[in-house]
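What follows is a short report on a single structure.
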Amino acid sequence: MKAIVCPRYGGPEVLELRDVERPIPKDDEVCIRIMATAVTASDIFIRGSDIPLRFRIPMRLMMGITRPRRPIIGLVLAGEIASVGRSATRFKPGDQVYGLTGFGLGAYAEYKCMKETDSKHGCLAPKPSNLTYEESTVAAYGGLLALQFMEKGDIQPGQRVLVYGASGTSGTTAVQYAKHLGAEVTGVCSTANVELVRTLGADAVIDYTKVNALEPGDRYDFVLDAVGKAKTSRLKESCRASVAGKDSYASIDDGNLLLDSGRLAAMKELVEAGHVRPVVDRCYPLEEMAEAHRYVEQGHKRGGVAITVGHGVAA
Ligand SMILES: NC(=O)c1ccc[n+]([C@@H]2O[C@H](COP(=O)([O-])OP(=O)(O)OC[C@H]3O[C@@H](n4cnc5c(N)ncnc54)[C@H](OP(=O)(O)O)[C@@H]3O)[C@@H](O)[C@H]2O)c1
């Protein structure tokens with residue numbers, strides 16, 4: 001099968017399209033014919049050579065000290081079940097699924113074997129029926145991040161919610177989810193994304209390139225930092241100060257992302273009911289993975305970037 005291999009840490013140029021052996025599912029695994037994967041901020045982190053020291057040591061311990069222990073990287077997938085192991089009962093061949101591979105990685109390939117139940121090596125659920133495979137990858141990553149970290153807010157109808165970083169994968173999901181919960185939503189993004197965030201349903205949009213602080217007395221019931229702690233601005237500090245206490249503020253970097261098929265199922269329902277629609281910025285074919293990494297690495301994607309796994313691309 002074709003796969004993108006990351007034989008060493010480094011820039012996007014280290015990624016190579018190779019022919020590798022197709023995996024066979026163990027008894028408790030399913031084999032997924034991957035139709036689409038995604039390039040996320042996490043993939044850039046895993047591949048990269050210039051990540052901050054405080055992250056580098058724990059990351060390298062988990063992923064491999066001198067080179068990735070699992071050379072086929074990739075965290076997000078959408079596809080169909082190709083075959084199932086002897087004791088796997090949750091899915092059957094032909095089922096359309098989406099999910100994350102967690103520490104198992106391996107989504108940059110035509111096939112991936114993983115447990116059908118949640119583990120640190122991933123989670124899977126039936127994919128939203130009204131989305132393409134590419135859209136489903138964005139829904140999986142954005143949905144897991146946004147739903148997990150917004151739950152802390154226990155958002156009630158009429159409450160004022162601010163999403164800092166409303167234009168990324170999780171931010172675009174969080175804005176729509178908060179609107180669905182009945183909140184009055186303010187999104188923060190840069191000038192280029194103001195219109196996008198408005199179309200997602202935000203009641204107000206603040207441009208972080210033009211505004212350094214919230215108006216005095218501007219208070220929010222819940223603030224979500226949807227871009228992570230590495231991306232900041234003076235306005236972000238002001239947003240953080242606008243809530244009543246620390247329980248009313250969450251960052252998507254507060255603790256590990258949970259690989260939870262229940263949340264994938266909840267996201268499927270939200271999408272199928274029309275409450276949330278994933279925003280796909282760009283799609284690349286598998287063989288242009290390095291180009292996709294170059295784009296995502298710039299840190300300004302709108303929504304998510306998906307990769308079509310064509311099955312049959314030439315090496
Ligand atoms: N807790 C966990 O285990 C876990 C797991 C995975 C990821 N994460 C976190 O999630 C982050 C990625 O989330 P994501 O993929 O949803 O985001 P993302 O899509 O990478 O975010 C890109 C967006 O960020 C905006 N942006 C860049 N700098 C900004 C700033 N200073 N202020 C406001 N917006 C800014 C960009 O808009 P502009 O072009 O307008 O600037 C762009 O639309 C990672 O970086 C990581 O921190 C956490």
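Chains: A, B, ... in order of the structure tokens. Residues: from 1 per chain. Ligands: from 1, in order shown.
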Mind checking DSSP for segment 227-311 of chain A and telling me the strand (DSSP E or B) residues as a list in words? Tyr249, Ala250, Ser251, Val280, Asp281, Arg282, Cys283, Tyr284, Pro285, Gly303, Gly304, Val305, Ala306, Ile307 and Thr308 of chain A
Neighbourhood of ligand 1 at 7 Å, counting only C-alpha atoms and all ligand atoms, reported as a PDB file with C-alpha atoms, in the first residue's frame:
ATOM      1  CA  THR A  40      -3.390  19.133  11.984  1.00  0.00           C
ATOM      2  CA  ALA A  41      -1.282  21.289  14.252  1.00  0.00           C
ATOM      3  CA  SER A  42      -0.501  18.056  16.125  1.00  0.00           C
ATOM      4  CA  GLY A 142     -12.414  19.773  15.598  1.00  0.00           C
ATOM      5  CA  LEU A 145     -11.277  19.200  20.771  1.00  0.00           C
ATOM      6  CA  TYR A 164     -10.668  33.035  21.156  1.00  0.00           C
ATOM      7  CA  GLY A 165      -9.238  31.756  17.864  1.00  0.00           C
ATOM      8  CA  ALA A 166     -12.581  31.251  16.176  1.00  0.00           C
ATOM      9  CA  SER A 167     -11.138  30.517  12.732  1.00  0.00           C
ATOM     10  CA  GLY A 168      -9.145  27.319  13.348  1.00  0.00           C
ATOM     11  CA  THR A 169     -10.363  23.726  13.296  1.00  0.00           C
ATOM     12  CA  SER A 170     -11.637  23.680  16.864  1.00  0.00           C
ATOM     13  CA  GLY A 171     -12.626  27.367  16.904  1.00  0.00           C
ATOM     14  CA  VAL A 188     -12.057  36.435  18.023  1.00  0.00           C
ATOM     15  CA  CYS A 189     -10.020  36.140  14.810  1.00  0.00           C
ATOM     16  CA  SER A 190      -7.960  38.254  12.403  1.00  0.00           C
ATOM     17  CA  THR A 191      -9.354  40.555   9.714  1.00  0.00           C
ATOM     18  CA  ALA A 192      -9.255  37.939   6.956  1.00  0.00           C
ATOM     19  CA  ASN A 193     -11.538  35.608   8.914  1.00  0.00           C
ATOM     20  CA  TYR A 208      -7.377  40.638  17.334  1.00  0.00           C
ATOM     21  CA  ALA A 226      -9.410  27.445  20.853  1.00  0.00           C
ATOM     22  CA  VAL A 227      -5.914  28.002  19.435  1.00  0.00           C
ATOM     23  CA  GLY A 228      -3.766  26.814  22.298  1.00  0.00           C
ATOM     24  CA  LYS A 229      -1.351  28.448  24.663  1.00  0.00           C
ATOM     25  CA  ALA A 230       1.413  29.048  22.107  1.00  0.00           C
ATOM     26  CA  LYS A 231      -0.724  31.541  20.162  1.00  0.00           C
ATOM     27  CA  THR A 232      -1.409  34.680  22.082  1.00  0.00           C
ATOM     28  CA  SER A 233      -2.074  38.421  21.915  1.00  0.00           C
ATOM     29  CA  ILE A 252      -7.708  23.379  24.424  1.00  0.00           C
ATOM     30  CA  ASP A 253      -4.225  22.836  25.827  1.00  0.00           C
ATOM     31  CA  ASP A 254      -5.578  22.160  29.359  1.00  0.00           C
ATOM     32  CA  GLY A 255      -4.835  18.461  29.649  1.00  0.00           C
ATOM     33  CA  ASN A 256      -4.796  15.708  27.058  1.00  0.00           C
ATOM     34  CA  LEU A 257      -7.310  15.314  24.279  1.00  0.00           C
ATOM     35  CA  GLY A 299      -0.446  28.625  11.493  1.00  0.00           C
ATOM     36  CA  HIS A 300      -3.189  30.435   9.613  1.00  0.00           C
ATOM     37  CA  LYS A 301      -5.422  27.751   8.151  1.00  0.00           C
ATOM     38  CA  ARG A 302      -9.156  28.457   8.214  1.00  0.00           C
ATOM     39  CA  GLY A 303     -10.880  25.415   9.655  1.00  0.00           C
ATOM     40  CA  GLY A 304      -9.019  22.239   8.706  1.00  0.00           C
TER      41      GLY A 304
END
I want to know what sits within 8 Å of Ile34 of chain A, based on only C-alpha atoms, with residues of the same chain fewer than 3 positions away left out; could you give that as a PyMOL selection string? chain A and resi 37+77-80+107+109-112+309
Export of the given selection (N, CA and C atoms) as a CSV table (one decimal), in the first residue's frame:
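Resulting contents of part.csv:
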chain,number,residue,atom,x,y,z
A,37,THR,N,-7.4,11.7,5.2
A,37,THR,CA,-6.8,12.0,6.5
A,37,THR,C,-6.7,13.6,6.6
A,77,LEU,N,-8.4,10.1,10.6
A,77,LEU,CA,-8.8,9.3,9.4
A,77,LEU,C,-10.3,9.2,9.2
A,78,ALA,N,-10.7,9.0,8.0
A,78,ALA,CA,-12.1,8.7,7.6
A,78,ALA,C,-12.0,7.7,6.5
A,79,GLY,N,-12.8,6.7,6.5
A,79,GLY,CA,-12.7,5.7,5.5
A,79,GLY,C,-13.8,4.6,5.7
A,80,GLU,N,-13.5,3.4,5.1
A,80,GLU,CA,-14.5,2.3,5.4
A,80,GLU,C,-13.8,1.1,5.9
A,107,ALA,N,-2.2,7.3,10.1
A,107,ALA,CA,-3.3,7.7,9.3
A,107,ALA,C,-2.9,8.2,7.9
A,109,ALA,N,-1.8,6.8,5.3
A,109,ALA,CA,-1.6,5.6,4.6
A,109,ALA,C,-3.0,5.1,3.9
A,110,GLU,N,-2.9,4.1,3.1
A,110,GLU,CA,-4.1,3.6,2.4
A,110,GLU,C,-4.9,2.7,3.4
A,111,TYR,N,-4.2,2.1,4.3
A,111,TYR,CA,-4.9,1.2,5.3
A,111,TYR,C,-4.3,1.4,6.7
A,112,LYS,N,-5.2,1.2,7.7
A,112,LYS,CA,-4.7,1.3,9.1
A,112,LYS,C,-5.5,0.3,9.9
A,309,VAL,N,-7.0,10.4,0.1
A,309,VAL,CA,-6.2,9.2,-0.1
A,309,VAL,C,-6.8,8.5,-1.3
Two-atom distance - atom CA of Asp247 of chain A, atom CA of Arg54 of chain A (Å): 25.5 Å
Residues of segment 168-245 of chain A in alpha helix (DSSP H) according to DSSP, as a list in words?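 Going through segment 168-245 of chain A, the alpha helix (DSSP H) residues come out as Thr169, Ser170, Gly171, Thr172, Thr173, Ala174, Val175, Gln176, Tyr177, Ala178, Lys179, His180, Val194, Glu195, Leu196, Val197, Arg198, Thr199, Arg234, Leu235, Lys236, Glu237, Ser238, Cys239 and Arg240 of chain A.
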Would you mind telling me which residue in A:Ile46, A:Met289, A:Val223, A:Val84 lies nearest to Ile4 of chain A when using only C-alpha atoms? A:Met289
Within 10 Å of Gln96 of chain A using only C-alpha atoms, minus same-chain residues under 5 positions, as a list of chain:residue names: A:Ile32, A:Arg33, A:Ile34, A:Met35, A:Ala78, A:Gly79, A:Glu80, A:Ile81, A:Ala82, A:Phe91, A:Ala125, A:Pro126, A:Lys127, A:Pro128, A:Ser129, A:Tyr133
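Using only C-alpha atoms, the nearest neighbour of Gly312 of chain A within the list A:Asp19, A:Arg8, A:Ile44, A:Val243 is A:Asp19.
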Measuring atom to atom with only C-alpha atoms, identify which of A:Leu105, A:Leu17, A:Leu131, A:Met1 is nearest to Gly274 of chain A.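 Checking each candidate against Gly274 of chain A, we get A:Leu131 as the closest.
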Looking at only C-alpha atoms, which of A:Glu134, A:Asp43, A:Glu29, A:Asp50 is the one that sits closest to Val280 of chain A?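 Once distances to Val280 of chain A are computed over only C-alpha atoms, the minimum belongs to A:Glu134.
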Please list as a PyMOL selection string every residue within 9 Å of His180 of chain A, counting only C-alpha atoms and excluding residues in the same chain fewer than 2 positions away. chain A and resi 157+175-178+182-183+270+275-276
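Surrounding segment 10-16 of chain A within 6 Å are A:Ile4, A:Val5, A:Cys6, A:Gly48, A:Ser49, A:Ala290, A:His293, with only C-alpha atoms counted and residues fewer than 3 positions along the same chain left out.
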For the selection just defined, write its residues with N, CA and C atoms to a file, as a PDB file, in the first residue's frame.
ATOM      1  N   ILE A   4       2.666   7.706   3.576  1.00  0.00           N
ATOM      2  CA  ILE A   4       3.638   8.779   3.772  1.00  0.00           C
ATOM      3  C   ILE A   4       4.450   8.418   5.001  1.00  0.00           C
ATOM      4  N   VAL A   5       5.750   8.321   4.801  1.00  0.00           N
ATOM      5  CA  VAL A   5       6.642   7.904   5.877  1.00  0.00           C
ATOM      6  C   VAL A   5       7.464   9.109   6.337  1.00  0.00           C
ATOM      7  N   CYS A   6       7.659   9.175   7.648  1.00  0.00           N
ATOM      8  CA  CYS A   6       8.479  10.246   8.238  1.00  0.00           C
ATOM      9  C   CYS A   6       9.709   9.563   8.869  1.00  0.00           C
ATOM     10  N   GLY A  48       7.934  17.798  13.422  1.00  0.00           N
ATOM     11  CA  GLY A  48       8.838  18.937  13.432  1.00  0.00           C
ATOM     12  C   GLY A  48      10.114  18.735  14.220  1.00  0.00           C
ATOM     13  N   SER A  49      11.113  19.525  13.843  1.00  0.00           N
ATOM     14  CA  SER A  49      12.393  19.445  14.540  1.00  0.00           C
ATOM     15  C   SER A  49      12.604  20.647  15.445  1.00  0.00           C
ATOM     16  N   ALA A 290       3.745  16.924   1.783  1.00  0.00           N
ATOM     17  CA  ALA A 290       4.738  17.907   2.240  1.00  0.00           C
ATOM     18  C   ALA A 290       4.209  19.330   2.030  1.00  0.00           C
ATOM     19  N   HIS A 293       1.754  20.131   4.672  1.00  0.00           N
ATOM     20  CA  HIS A 293       2.444  20.460   5.933  1.00  0.00           C
ATOM     21  C   HIS A 293       3.001  21.885   5.891  1.00  0.00           C
TER      22      HIS A 293
END
Find the residues around Ser119 of chain A up to 7 Å (only C-alpha atoms counted), leave out those fewer than 3 positions away in its own chain, and share them as a list in words.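 So, after excluding close chain neighbours, the residues are Gly122, Cys123 and Leu259 of chain A.
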Taking C-alpha atoms for each residue, export the selection above as a compact mmCIF listing (two decimals), in the first residue's frame.
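Generated file (selection_14.txt):
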# COMPACT_ATOMS: atom_id res chain seq x y z
CA GLY A 122 -7.41 5.79 18.94
CA CYS A 123 -11.17 6.01 18.76
CA LEU A 259 -10.00 9.72 22.48
What is the distance between atom CA of Ser83 of chain A and atom CA of Pro23 of chain A, in Å to one decimal?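 Answer for the atom CA of Ser83 of chain A to atom CA of Pro23 of chain A separation: 10.8 Å.
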d(atom CA of Arg263 of chain A, atom CA of Thr199 of chain A) in Å: 24.6 Å
